[in-house]
Amino acid sequence: MRKKHKPQKQPGLRALSQALELPPEVALGSLCLKLQGRELLTAQNHRGIILYQPERILFRCKDGAVAVSGRELSLAELSEEELCISGKIKGIALRGDQDD
């Protein structure tokens, strides 16, 4: 029986991003979260709002969703690439695809 030869994989996006010295969130569209204190969360590469309440905001990302809990939460900024949540942030939970 002959062995099947697997074609060599070309370098993927991750290898390309490393070669070009680009952050993975830029090249791969991965989520990038930045928390400033406990009052401002910036998320790059989000994929839309799922739930918007003063105590909880849930938004989609490439690998699932992000739940932000707290008090007096609001969207300080919203664009196709970035969203900013302000308020008294108590918790941030990452959820995989199966949890949505």
# chains A, B, ... in the order shown; residues from 1 in each chain; ligands from 1
>>> residues_around(residues="Pro54 (chain A)", least_positions_apart="4", cutoff="10 Å", atoms="only C-alpha atoms", output="list in words")
Ser69, Gly70, Arg71, Glu72, Leu73, Ser74, Leu75, Gly87 and Lys88 of chain A
>>> residues_around(residues="region 58-63 of chain A", least_positions_apart="3", cutoff="6 Å", atoms="only C-alpha atoms", output="PyMOL selection string")
chain A and resi 46-51+66-67+96
>>> closest_residue(among="A:Arg95, A:Glu81, A:Val68, A:Tyr52", to="Leu40 (chain A)", atoms="only C-alpha atoms")
A:Val68
>>> residues_around(residues="Leu33 (chain A)", least_positions_apart="6", cutoff="8 Å", atoms="only C-alpha atoms", output="list in words")
Leu41, Thr42, Ala43 and Gln44 of chain A
